>>> print(open('my_file_11.tsv').read())   # TSV, C-alpha atoms
chain	number	residue	atom	x	y	z
A	105	MET	CA	-24.84	-3.47	15.67
A	106	LYS	CA	-23.40	-0.41	17.34
A	107	THR	CA	-22.65	2.69	15.27
A	108	ILE	CA	-20.19	5.27	16.57
A	109	TYR	CA	-19.52	8.71	15.18
A	110	VAL	CA	-16.03	9.95	15.97
A	111	ASP	CA	-13.99	13.07	15.40
A	112	ASN	CA	-11.38	12.71	12.70
A	113	LEU	CA	-8.19	13.45	14.62
A	114	LEU	CA	-6.08	13.17	11.48
A	115	ALA	CA	-8.09	16.00	9.92
A	116	GLN	CA	-7.63	18.09	13.06
A	117	THR	CA	-3.84	17.69	13.22
A	118	MET	CA	-3.46	18.25	9.49
A	119	SER	CA	-5.53	21.40	9.50
A	120	SER	CA	-3.70	22.75	12.54
A	121	ALA	CA	-0.37	22.71	10.69
A	122	SER	CA	0.75	25.50	8.39
A	123	PRO	CA	-0.55	25.09	4.83
A	124	GLN	CA	1.67	23.28	2.39
A	125	MET	CA	1.34	22.94	-1.35
A	126	ALA	CA	0.85	19.31	-2.27
A	127	GLN	CA	3.12	19.76	-5.25
A	128	THR	CA	5.91	20.88	-2.94
A	129	ALA	CA	5.34	17.94	-0.63
A	130	LEU	CA	5.41	15.51	-3.55
A	131	GLY	CA	8.59	17.09	-4.87
A	132	ARG	CA	10.27	16.71	-1.50
A	133	ALA	CA	9.07	13.12	-1.14
A	134	ASN	CA	10.41	12.20	-4.57
A	135	THR	CA	13.71	13.91	-3.85
A	136	ASN	CA	13.97	11.91	-0.62
A	137	LEU	CA	13.26	8.72	-2.56
A	138	GLU	CA	15.94	9.51	-5.13
A	139	ALA	CA	18.40	9.91	-2.28
A	140	ILE	CA	17.88	6.32	-1.12
A	141	ALA	CA	17.78	4.70	-4.58
A	142	GLY	CA	21.32	3.35	-4.08
A	143	GLU	CA	20.35	1.73	-0.79
A	144	CYS	CA	17.34	0.20	-2.50
A	145	ILE	CA	19.51	-1.34	-5.21
A	146	ALA	CA	21.88	-2.78	-2.61
A	147	HIS	CA	18.88	-4.24	-0.78
A	148	ILE	CA	17.57	-5.75	-4.02
A	149	ASP	CA	20.95	-7.36	-4.73
A	150	ASP	CA	21.00	-8.77	-1.21
A	151	LEU	CA	17.53	-10.25	-1.66
A	152	LEU	CA	18.38	-11.69	-5.07
A	153	ARG	CA	21.33	-13.52	-3.55
A	154	GLN	CA	19.06	-15.16	-0.98
A	155	PHE	CA	16.63	-16.81	-3.40
A	156	HIS	CA	16.64	-20.59	-3.63
A	157	MET	CA	17.70	-21.19	-7.22
A	158	HIS	CA	17.89	-24.98	-7.08
A	159	PRO	CA	14.94	-27.07	-5.91
A	160	SER	CA	15.23	-29.79	-3.32
A	161	SER	CA	14.28	-33.26	-4.45
A	162	ASP	CA	12.15	-33.64	-1.33
A	163	PRO	CA	8.65	-32.23	-2.08
A	164	ASP	CA	8.08	-30.90	1.45
A	165	GLU	CA	11.45	-29.22	1.52
A	166	ARG	CA	10.79	-27.76	-1.90
A	167	LEU	CA	7.50	-26.27	-0.71
A	168	GLY	CA	9.50	-24.68	2.11
A	169	GLN	CA	11.92	-23.22	-0.43
A	170	MET	CA	8.97	-21.83	-2.39
A	171	ARG	CA	7.58	-20.19	0.75
A	172	GLU	CA	10.94	-18.57	1.44
A	173	ASN	CA	11.19	-17.38	-2.17
A	174	TYR	CA	7.68	-15.94	-1.82
A	175	GLN	CA	8.71	-13.94	1.26
A	176	LEU	CA	11.85	-12.64	-0.45
A	177	ALA	CA	9.89	-11.60	-3.55
A	178	ARG	CA	7.26	-9.88	-1.39
A	179	ARG	CA	9.96	-7.85	0.34
A	180	MET	CA	11.25	-6.80	-3.07
A	181	ILE	CA	7.94	-5.23	-4.12
A	182	GLY	CA	8.08	-1.49	-3.69
A	183	VAL	CA	11.83	-1.46	-3.11
A	184	ALA	CA	12.65	-2.35	-6.72
A	185	HIS	CA	10.21	0.34	-7.86
A	186	ALA	CA	11.93	2.91	-5.65
A	187	ALA	CA	15.26	1.78	-7.10
A	188	GLY	CA	13.98	2.55	-10.59
A	189	LEU	CA	13.66	-1.15	-11.45
A	190	THR	CA	9.94	-1.13	-12.19
A	191	ALA	CA	9.97	-4.24	-14.37
A	192	LEU	CA	11.78	-6.17	-11.65
A	193	ASP	CA	9.12	-5.01	-9.20
A	194	MET	CA	6.44	-6.40	-11.51
A	195	ALA	CA	8.30	-9.68	-11.88
A	196	ALA	CA	8.61	-10.01	-8.09
A	197	LYS	CA	4.88	-9.48	-7.74
A	198	SER	CA	4.24	-12.02	-10.48
A	199	LEU	CA	6.40	-14.54	-8.62
A	200	CYS	CA	4.40	-13.91	-5.43
A	201	LYS	CA	1.10	-14.51	-7.23
A	202	THR	CA	2.40	-17.64	-8.94
A	203	VAL	CA	3.94	-19.20	-5.84
A	204	ASP	CA	0.88	-18.32	-3.76
A	205	SER	CA	-1.32	-20.16	-6.25
A	206	LEU	CA	1.04	-23.14	-6.35
A	207	LEU	CA	1.17	-23.34	-2.56
A	208	ALA	CA	-2.61	-23.08	-2.31
A	209	ALA	CA	-2.80	-26.14	-4.56
A	210	ASN	CA	0.06	-27.85	-2.68
A	211	ASP	CA	1.86	-27.98	-6.03
A	212	CYS	CA	5.67	-27.96	-5.85
A	213	ASN	CA	6.17	-27.44	-9.61
A	214	TRP	CA	9.48	-25.58	-9.79
A	215	GLU	CA	9.44	-24.65	-13.47
A	216	PRO	CA	7.40	-21.41	-13.12
A	217	VAL	CA	9.56	-20.46	-10.13
A	218	ARG	CA	12.75	-21.05	-12.11
A	219	LEU	CA	11.51	-18.97	-15.06
A	220	HIS	CA	10.57	-16.12	-12.76
A	221	LEU	CA	13.91	-16.16	-10.97
A	222	GLN	CA	15.85	-16.20	-14.23
A	223	THR	CA	13.79	-13.30	-15.55
A	224	MET	CA	14.32	-11.35	-12.35
A	225	GLN	CA	18.07	-11.79	-12.66
A	226	LEU	CA	17.84	-10.36	-16.18
A	227	LEU	CA	15.63	-7.46	-15.13
A	228	ARG	CA	18.06	-6.46	-12.40
A	229	HIS	CA	20.16	-5.05	-15.25
A	230	PRO	CA	17.63	-3.35	-17.54
A	231	ASP	CA	20.39	-1.94	-19.77
A	232	ARG	CA	21.26	-5.49	-20.82
A	233	VAL	CA	17.65	-6.33	-21.61
A	234	GLY	CA	16.90	-3.17	-23.54
A	235	ASP	CA	13.40	-2.90	-24.94
A	236	GLN	CA	12.65	-6.56	-24.19
A	237	GLN	CA	11.47	-5.79	-20.64
A	238	GLY	CA	7.85	-5.57	-21.75
A	239	THR	CA	8.09	-8.87	-23.59
A	240	LEU	CA	9.56	-10.59	-20.54
A	241	ILE	CA	6.85	-9.23	-18.23
A	242	ALA	CA	4.15	-10.27	-20.70
A	243	ALA	CA	5.62	-13.77	-20.84
A	244	LEU	CA	5.55	-13.99	-17.06
A	245	GLY	CA	1.95	-12.83	-17.14
A	246	ASP	CA	1.01	-15.62	-19.54
A	247	LEU	CA	2.82	-18.11	-17.35
A	248	ARG	CA	1.13	-16.80	-14.21
A	249	LYS	CA	-2.37	-17.04	-15.66
A	250	ARG	CA	-1.98	-20.81	-15.75
A	251	PHE	CA	-1.64	-20.90	-11.97
A	252	GLU	CA	-3.29	-17.73	-10.67
A	253	ALA	CA	-6.15	-18.06	-8.19
A	254	ALA	CA	-6.99	-14.97	-6.16
A	255	PRO	CA	-7.63	-11.27	-6.84
A	256	GLU	CA	-5.77	-8.53	-5.00
A	257	ALA	CA	-7.24	-7.21	-1.76
A	258	GLU	CA	-6.85	-3.53	-2.60
A	259	SER	CA	-9.76	-1.29	-1.73
A	260	LYS	CA	-10.72	1.88	-3.51
A	261	PRO	CA	-11.49	5.02	-1.59
A	262	PRO	CA	-15.11	5.73	-0.79
A	263	PRO	CA	-16.67	9.01	-1.89
A	264	ILE	CA	-16.26	11.91	0.46
A	265	ALA	CA	-19.37	12.50	2.57
I	9	MET	CA	-22.65	23.93	-1.45
I	10	ALA	CA	-19.53	24.96	0.42
I	11	PRO	CA	-16.59	25.91	-1.73
I	12	ALA	CA	-14.29	22.96	-2.39
I	13	PRO	CA	-11.27	23.05	-0.11
I	14	THR	CA	-7.90	22.65	-1.74
I	15	VAL	CA	-4.96	20.52	-0.74
I	16	LYS	CA	-3.00	23.71	-0.22
I	17	THR	CA	-5.03	24.67	2.81
I	18	LEU	CA	-5.42	21.19	4.29
I	19	PHE	CA	-2.34	19.16	3.67
I	20	ASN	CA	0.56	19.05	6.10
I	21	LEU	CA	1.69	16.23	8.38
I	22	GLU	CA	3.92	18.46	10.47
I	23	ARG	CA	1.78	18.01	13.58
I	24	THR	CA	0.64	14.48	12.85
I	25	SER	CA	2.09	11.47	14.63
I	26	VAL	CA	2.31	8.55	12.24
I	27	LEU	CA	2.89	4.97	13.31
I	28	LEU	CA	4.63	3.07	10.53
I	29	ALA	CA	4.73	-0.71	10.96
I	30	ASP	CA	6.74	-2.58	8.34
I	31	GLY	CA	8.94	-5.58	8.99
I	32	ASP	CA	11.23	-4.84	6.08
I	33	ALA	CA	13.73	-2.10	6.88
I	34	MET	CA	13.90	-0.84	3.31
I	35	GLY	CA	10.13	-0.91	2.86
I	36	GLN	CA	9.87	1.08	6.07
I	37	GLY	CA	12.53	3.49	4.87
I	38	ILE	CA	10.75	4.19	1.59
I	39	ILE	CA	7.44	5.15	3.20
I	40	SER	CA	9.28	7.05	5.91
I	41	GLN	CA	11.03	9.16	3.26
I	42	MET	CA	7.70	9.95	1.63
I	43	LEU	CA	6.18	10.96	4.98
I	44	SER	CA	9.18	13.14	5.70
I	45	GLY	CA	8.59	14.89	2.38
I	46	PHE	CA	4.98	15.43	3.40
I	47	GLY	CA	6.18	17.28	6.49
I	48	ALA	CA	5.89	14.51	9.08
I	49	ARG	CA	8.34	14.90	11.93
I	50	ASP	CA	7.00	12.31	14.32
I	51	VAL	CA	7.12	8.91	12.64
I	52	ILE	CA	7.07	5.98	15.07
I	53	LYS	CA	8.68	3.01	13.32
I	54	CYS	CA	7.95	-0.58	14.24
I	55	ALA	CA	9.30	-3.77	12.70
I	56	THR	CA	7.61	-6.51	14.73
I	57	THR	CA	4.14	-7.39	15.91
I	58	THR	CA	5.14	-7.03	19.54
I	59	ASP	CA	6.68	-3.62	19.08
I	60	THR	CA	3.73	-2.42	17.00
I	61	ARG	CA	1.24	-3.39	19.70
I	62	LYS	CA	3.39	-1.79	22.36
I	63	GLN	CA	3.78	1.48	20.46
I	64	ILE	CA	0.11	1.73	19.46
I	65	SER	CA	-0.87	1.18	23.08
I	66	SER	CA	1.50	3.74	24.51
I	67	GLN	CA	1.73	6.47	21.86
I	68	ALA	CA	-0.86	8.93	20.65
I	69	CYS	CA	-0.87	8.74	16.87
I	70	GLN	CA	-3.36	10.06	14.33
I	71	LEU	CA	-2.47	7.73	11.47
I	72	VAL	CA	-1.31	4.12	11.24
I	73	ILE	CA	0.35	2.74	8.10
I	74	ILE	CA	0.95	-0.98	8.31
I	75	ASP	CA	2.12	-3.93	6.22
I	76	PRO	CA	0.71	-6.84	8.24
I	77	ALA	CA	2.37	-9.57	6.16
I	78	SER	CA	5.83	-8.18	6.83
I	79	LEU	CA	5.48	-8.21	10.61
I	80	GLY	CA	5.56	-11.97	11.02
I	81	ASP	CA	3.31	-14.00	13.28
I	82	GLY	CA	0.28	-12.06	14.46
I	83	GLY	CA	0.69	-9.24	11.96
I	84	TYR	CA	-2.80	-9.74	10.60
I	85	ASP	CA	-4.30	-9.67	14.11
I	86	ILE	CA	-3.04	-6.20	14.99
I	87	ILE	CA	-5.85	-4.17	13.41
I	88	PRO	CA	-8.73	-6.28	14.83
I	89	TRP	CA	-6.97	-6.10	18.22
I	90	LEU	CA	-6.61	-2.32	17.92
I	91	ARG	CA	-10.28	-1.89	16.98
I	92	ARG	CA	-11.61	-4.16	19.74
I	93	LYS	CA	-9.24	-3.83	22.68
I	94	LEU	CA	-7.99	-0.27	22.74
I	95	VAL	CA	-9.95	2.65	24.14
I	96	GLU	CA	-11.02	5.90	22.52
I	97	PRO	CA	-9.57	7.62	20.60
I	98	LYS	CA	-6.91	5.02	19.72
I	99	LYS	CA	-9.38	2.37	18.60
I	100	HIS	CA	-10.69	4.68	15.89
I	101	VAL	CA	-7.35	5.82	14.48
I	102	PRO	CA	-7.31	5.80	10.65
I	103	VAL	CA	-5.45	2.71	9.43
I	104	LEU	CA	-3.93	2.37	5.96
I	105	ILE	CA	-2.67	-1.06	4.93
I	106	ALA	CA	0.15	-0.96	2.38
I	107	THR	CA	1.05	-4.43	1.26
I	108	GLY	CA	3.07	-5.94	-1.56
I	109	HIS	CA	1.02	-9.07	-1.96
I	110	THR	CA	-1.66	-10.81	0.06
I	111	GLU	CA	-1.76	-14.57	0.23
I	112	HIS	CA	-4.91	-16.15	-1.13
I	113	CYS	CA	-5.84	-17.49	2.30
I	114	ARG	CA	-5.47	-14.02	3.89
I	115	VAL	CA	-7.50	-11.86	1.50
I	116	THR	CA	-10.79	-12.13	3.39
I	117	GLN	CA	-9.07	-11.66	6.73
I	118	LEU	CA	-7.38	-8.52	5.44
I	119	ARG	CA	-10.59	-7.08	4.03
I	120	ASP	CA	-12.41	-7.73	7.32
I	121	SER	CA	-9.62	-6.45	9.53
I	122	GLY	CA	-11.16	-3.03	10.11
I	123	ALA	CA	-8.65	-0.98	8.13
I	124	ASN	CA	-9.85	2.19	6.40
I	125	PHE	CA	-7.99	1.48	3.15
I	126	ILE	CA	-5.84	-1.19	1.59
I	127	VAL	CA	-3.33	-0.17	-1.05
I	128	SER	CA	-0.91	-2.28	-3.02
I	129	LYS	CA	2.80	-1.66	-3.18
I	130	PRO	CA	4.63	-0.33	-5.10
I	131	LEU	CA	3.31	2.88	-3.69
I	132	SER	CA	4.13	6.19	-5.34
I	133	ALA	CA	4.33	9.38	-3.30
I	134	ALA	CA	1.30	10.72	-5.17
I	135	VAL	CA	-0.86	7.73	-4.30
I	136	LEU	CA	0.18	7.84	-0.64
I	137	LEU	CA	-0.58	11.55	-0.46
I	138	GLU	CA	-3.95	11.02	-2.08
I	139	ARG	CA	-4.89	8.26	0.37
I	140	ILE	CA	-3.86	10.34	3.37
I	141	VAL	CA	-5.96	13.23	2.12
I	142	TRP	CA	-8.90	10.87	1.71
I	143	LEU	CA	-8.40	9.56	5.24
I	144	SER	CA	-8.36	13.10	6.59
I	145	ARG	CA	-11.72	13.69	4.94
I	146	GLU	CA	-13.20	10.39	6.06
I	147	ARG	CA	-16.62	10.88	7.59
I	148	ARG	CA	-17.76	7.27	7.81
I	149	PRO	CA	-18.95	6.17	11.23
I	150	TYR	CA	-17.42	3.14	12.90
I	151	VAL	CA	-19.49	0.05	13.48
I	152	GLU	CA	-19.12	-2.74	16.00
I	153	THR	CA	-20.59	-6.17	15.41
I	154	ASP	CA	-19.66	-9.65	16.58
I	155	SER	CA	-17.71	-10.29	13.40
I	156	TYR	CA	-16.45	-6.84	12.39
I	157	VAL	CA	-15.23	-3.65	14.00
I	158	GLY	CA	-14.14	-0.78	11.80
I	159	PRO	CA	-15.32	1.89	9.39
I	160	ASP	CA	-18.82	1.34	8.09
I	161	ARG	CA	-18.46	-0.43	4.78
I	162	ARG	CA	-21.98	0.39	3.66
I	163	TRP	CA	-20.96	3.73	2.21
I	164	HIS	CA	-22.99	4.85	-0.72
I	165	GLU	CA	-21.41	5.36	-4.08
I	166	GLN	CA	-22.95	8.18	-6.04
I	167	PRO	CA	-21.46	7.98	-9.50
I	168	ALA	CA	-21.81	10.77	-12.00
I	169	PRO	CA	-24.84	10.59	-14.30
I	170	ASN	CA	-24.35	7.74	-16.79
I	171	GLY	CA	-21.00	7.11	-15.13
I	172	VAL	CA	-19.43	10.01	-16.98
I	173	GLY	CA	-17.95	12.99	-15.16
I	174	ARG	CA	-19.00	16.31	-16.59
I	175	ARG	CA	-15.66	17.99	-16.30
I	176	GLN	CA	-13.49	17.68	-19.37
I	177	ARG	CA	-10.43	16.45	-17.48
I	178	ASP	CA	-12.12	13.87	-15.21
I	179	ARG	CA	-11.23	10.89	-17.36
I	180	GLU	CA	-7.65	12.06	-17.83
I	181	ILE	CA	-7.13	12.43	-14.10
I	182	GLN	CA	-8.72	9.10	-13.23
I	183	ALA	CA	-6.63	7.35	-15.87
I	184	ARG	CA	-3.45	8.87	-14.50
I	185	ILE	CA	-4.34	7.86	-10.95
I	186	ALA	CA	-5.16	4.33	-12.09
I	187	ALA	CA	-1.78	4.15	-13.77
I	188	GLY	CA	-0.10	5.20	-10.55
I	189	GLY	CA	1.34	8.29	-12.16
I	190	ASP	CA	2.25	11.40	-10.25
I	191	MET	CA	-0.23	14.24	-10.16
I	192	ASN	CA	0.53	17.88	-10.53
I	193	GLN	CA	-1.10	20.56	-8.38
I	194	ALA	CA	-3.82	21.23	-10.94
I	195	ASP	CA	-4.72	17.53	-11.01
I	196	ILE	CA	-4.87	17.32	-7.24
I	197	ASP	CA	-7.03	20.42	-6.96
I	198	MET	CA	-9.30	19.07	-9.67
I	199	LEU	CA	-9.47	15.71	-7.91
I	200	MET	CA	-10.41	17.35	-4.65
I	201	SER	CA	-13.07	19.55	-6.17
I	202	SER	CA	-14.47	16.67	-8.22
I	203	ALA	CA	-14.56	14.36	-5.23
I	204	GLU	CA	-16.26	17.06	-3.17
I	205	ALA	CA	-18.91	17.28	-5.82
I	206	GLY	CA	-19.31	13.50	-5.84
I	207	VAL	CA	-18.00	13.13	-9.36
I	208	ILE	CA	-15.12	10.75	-8.64
I	209	ALA	CA	-16.26	7.69	-6.68
>>> encode(input="my_file_11.tsv", output="C-alpha cells")
Amino acid sequence: MKTIYVDNLLAQTMSSASPQMAQTALGRANTNLEAIAGECIAHIDDLLRQFHMHPSSDPDERLGQMRENYQLARRMIGVAHAAGLTALDMAAKSLCKTVDSLLAANDCNWEPVRLHLQTMQLLRHPDRVGDQQGTLIAALGDLRKRFEAAPEAESKPPPIA
Amino acid sequence: MAPAPTVKTLFNLERTSVLLADGDAMGQGIISQMLSGFGARDVIKCATTTDTRKQISSQACQLVIIDPASLGDGGYDIIPWLRRKLVEPKKHVPVLIATGHTEHCRVTQLRDSGANFIVSKPLSAAVLLERIVWLSRERRPYVETDSYVGPDRRWHEQPAPNGVGRRQRDREIQARIAAGGDMNQADIDMLMSSAEAGVIA
C-alpha cells in the first residue's frame, strides 16, 4: 500500500479569498434558492407527468416501467425540497427505496408503486392535504418497510486532524 | 493548542474552481445557486460522463461535486478513473458525492469509489457549507492499493469522554445538524471550535 500526503488545494484557495461570514453566505444561498423555487415546481410538474401510472401486463415491460419511475423519482429528490415540497421529496425517496428493493428481488408488484404515485400526486398540493402530510409519509414508510433491503451510502465526516 | 479558527476567516469560494457534475439540469441548478451564494464564481457544469471526464482532465479545479447516478452510463466509474489515471494534483482533488438515492447494487461501489464524502439529497445550504468546510480542513493522506485509491479510510475517531460533549450546546447543535436544519453563525463557530477540540466526531 502506498500512502501519499498532499497539500489541500481547496484550503489554499479558500484561505486566499477575502473573509466571508458563513451566515452571510448561507443567507445569499437561501435567497438564490428562493429565486428558483418556481422553476423547481415547474420541473416537478414535468416529472410527475412522465411517471408510468398504469402497469403493463407484460412482466418484463413492467419492470422497465418501474426502472423509469425510479429514475424520475430520483431526479425529484432535492428539487421538491428546494420547491418547498418537503413531503413530496420524502415520498419520492420512499418510492426509490421501494422500487429498488422490488427490482433487486425481480418483483414487479405494482401495488406499492401505485400507492406511492397516488400519494405523490396528493403531496404536490400540500394545501389540499393539510395536516395529513405526516400521516401519508408514515403510511408510505410502513409500506416501504415490507420491501426495503439496503441502507443509504451516506458517510459522516471524519474528525479534523 | 492553537486557537480554533472560525468560518469567518476561512470560508469563501471566490477563488475556488468547482466542478459540478449532475445529469439533472434542475439538480445542477440548485447546487449551483448554493455555490454562488458561497461566493463561487467559477463553477464548471457537466451533465454527462463524457463531458465530466473531459472537463476534469482539462480544467484545474479544487473541488468536485458529483451525482454519479444522474450522469448515465459510466457515472460511477468517474471517481476511480480520476484517482487512478489523472496526475497530480488533479488525482487528489476533494470529491463530494451528492446523490438522491443509491441503488442497492451500487452502494459498495459508491463507498469504495475514492470520494472524500457522500451526502444524501435533499441537501440544504447549511449542510453543503459544512461539508465544504470539512473538506478544506481534510488532512487525511491518500492511499493507493490494488482495490482502492482515495482518502485513507482508517481515520481515528476520538469521541468525547463517555460519548458526551462537555459543552452545554453540543447536543443541541448535533441534533440540529442531524435534522438538516440551518445553522446560525454561533452554531457554526461552536461546531468549528468543538470539532477542532475533537468533541464532535
>>> interface_residues(input="my_file_11.tsv", of="chain I", to="chain A", cutoff="6 Å", atoms="all atoms listed in the file", output="count of residues only")
30
>>> atom_distance(input="my_file_11.tsv", atom1="CA of Arg148 (chain I)", atom2="CA of Asn124 (chain I)")
9.5 Å
>>> closest_residue(input="my_file_11.tsv", among="A:Ala243, A:His158, A:Arg228, A:Asp164", to="Ala146 (chain A)", atoms="all atoms listed in the file")
A:Arg228
>>> closest_residue(input="my_file_11.tsv", among="A:Leu189, A:Ile241, A:His229, A:Leu247", to="Glu215 (chain A)", atoms="only C-alpha atoms")
A:Leu247
>>> atom_distance(input="my_file_11.tsv", atom1="CA of Cys69 (chain I)", atom2="CA of Glu111 (chain I)")
28.7 Å
>>> atom_distance(input="my_file_11.tsv", atom1="CA of Ala191 (chain A)", atom2="CA of Trp142 (chain I)")
29.0 Å
>>> residues_around(input="my_file_11.tsv", residues="Thr58 (chain I)", least_positions_apart="3", cutoff="10 Å", atoms="all atoms listed in the file", output="PDB file with C-alpha atoms, in the frame of the given file")
ATOM      1  CA  CYS I  54       7.950  -0.580  14.240  1.00  0.00           C
ATOM      2  CA  ALA I  55       9.300  -3.770  12.700  1.00  0.00           C
ATOM      3  CA  ARG I  61       1.240  -3.390  19.700  1.00  0.00           C
ATOM      4  CA  LYS I  62       3.390  -1.790  22.360  1.00  0.00           C
ATOM      5  CA  GLN I  63       3.780   1.480  20.460  1.00  0.00           C
ATOM      6  CA  LEU I  79       5.480  -8.210  10.610  1.00  0.00           C
ATOM      7  CA  GLY I  80       5.560 -11.970  11.020  1.00  0.00           C
ATOM      8  CA  ASP I  81       3.310 -14.000  13.280  1.00  0.00           C
ATOM      9  CA  GLY I  82       0.280 -12.060  14.460  1.00  0.00           C
ATOM     10  CA  GLY I  83       0.690  -9.240  11.960  1.00  0.00           C
ATOM     11  CA  ILE I  86      -3.040  -6.200  14.990  1.00  0.00           C
TER      12      ILE I  86
END
>>> residues_near_point(input="my_file_11.tsv", point="(-0.3, 6.7, 22.3)", cutoff="12 Å", atoms="only C-alpha atoms", output="PDB file with C-alpha atoms, in the frame of the given file")
ATOM      1  CA  SER I  25       2.090  11.470  14.630  1.00  0.00           C
ATOM      2  CA  VAL I  26       2.310   8.550  12.240  1.00  0.00           C
ATOM      3  CA  LEU I  27       2.890   4.970  13.310  1.00  0.00           C
ATOM      4  CA  ILE I  52       7.070   5.980  15.070  1.00  0.00           C
ATOM      5  CA  THR I  60       3.730  -2.420  17.000  1.00  0.00           C
ATOM      6  CA  ARG I  61       1.240  -3.390  19.700  1.00  0.00           C
ATOM      7  CA  LYS I  62       3.390  -1.790  22.360  1.00  0.00           C
ATOM      8  CA  GLN I  63       3.780   1.480  20.460  1.00  0.00           C
ATOM      9  CA  ILE I  64       0.110   1.730  19.460  1.00  0.00           C
ATOM     10  CA  SER I  65      -0.870   1.180  23.080  1.00  0.00           C
ATOM     11  CA  SER I  66       1.500   3.740  24.510  1.00  0.00           C
ATOM     12  CA  GLN I  67       1.730   6.470  21.860  1.00  0.00           C
ATOM     13  CA  ALA I  68      -0.860   8.930  20.650  1.00  0.00           C
ATOM     14  CA  CYS I  69      -0.870   8.740  16.870  1.00  0.00           C
ATOM     15  CA  GLN I  70      -3.360  10.060  14.330  1.00  0.00           C
ATOM     16  CA  LEU I  71      -2.470   7.730  11.470  1.00  0.00           C
ATOM     17  CA  VAL I  72      -1.310   4.120  11.240  1.00  0.00           C
ATOM     18  CA  LEU I  90      -6.610  -2.320  17.920  1.00  0.00           C
ATOM     19  CA  LEU I  94      -7.990  -0.270  22.740  1.00  0.00           C
ATOM     20  CA  VAL I  95      -9.950   2.650  24.140  1.00  0.00           C
ATOM     21  CA  GLU I  96     -11.020   5.900  22.520  1.00  0.00           C
ATOM     22  CA  PRO I  97      -9.570   7.620  20.600  1.00  0.00           C
ATOM     23  CA  LYS I  98      -6.910   5.020  19.720  1.00  0.00           C
ATOM     24  CA  LYS I  99      -9.380   2.370  18.600  1.00  0.00           C
ATOM     25  CA  VAL I 101      -7.350   5.820  14.480  1.00  0.00           C
TER      26      VAL I 101
END
>>> axis_aligned_box(input="my_file_11.tsv", around="region 127-142 of chain I", padding_each_side="4 Å", output="lines of an AutoDock Vina configuration file")
center_x = -2.1
center_y = 5.5
center_z = -1.0
size_x = 21.5
size_y = 23.5
size_z = 16.7
>>> closest_residue(input="my_file_11.tsv", among="I:Lys53, I:Arg161, I:Arg91, I:Arg145", to="Val103 (chain I)", atoms="all atoms listed in the file")
I:Arg91
>>> closest_residue(input="my_file_11.tsv", among="I:Glu22, I:Asp120, I:Asp75, I:Asp32", to="Val157 (chain I)", atoms="only C-alpha atoms")
I:Asp120
>>> closest_residue(input="my_file_11.tsv", among="A:Arg218, A:Ala209, A:Pro159, A:Met224", to="Cys113 (chain I)", atoms="only C-alpha atoms")
A:Ala209
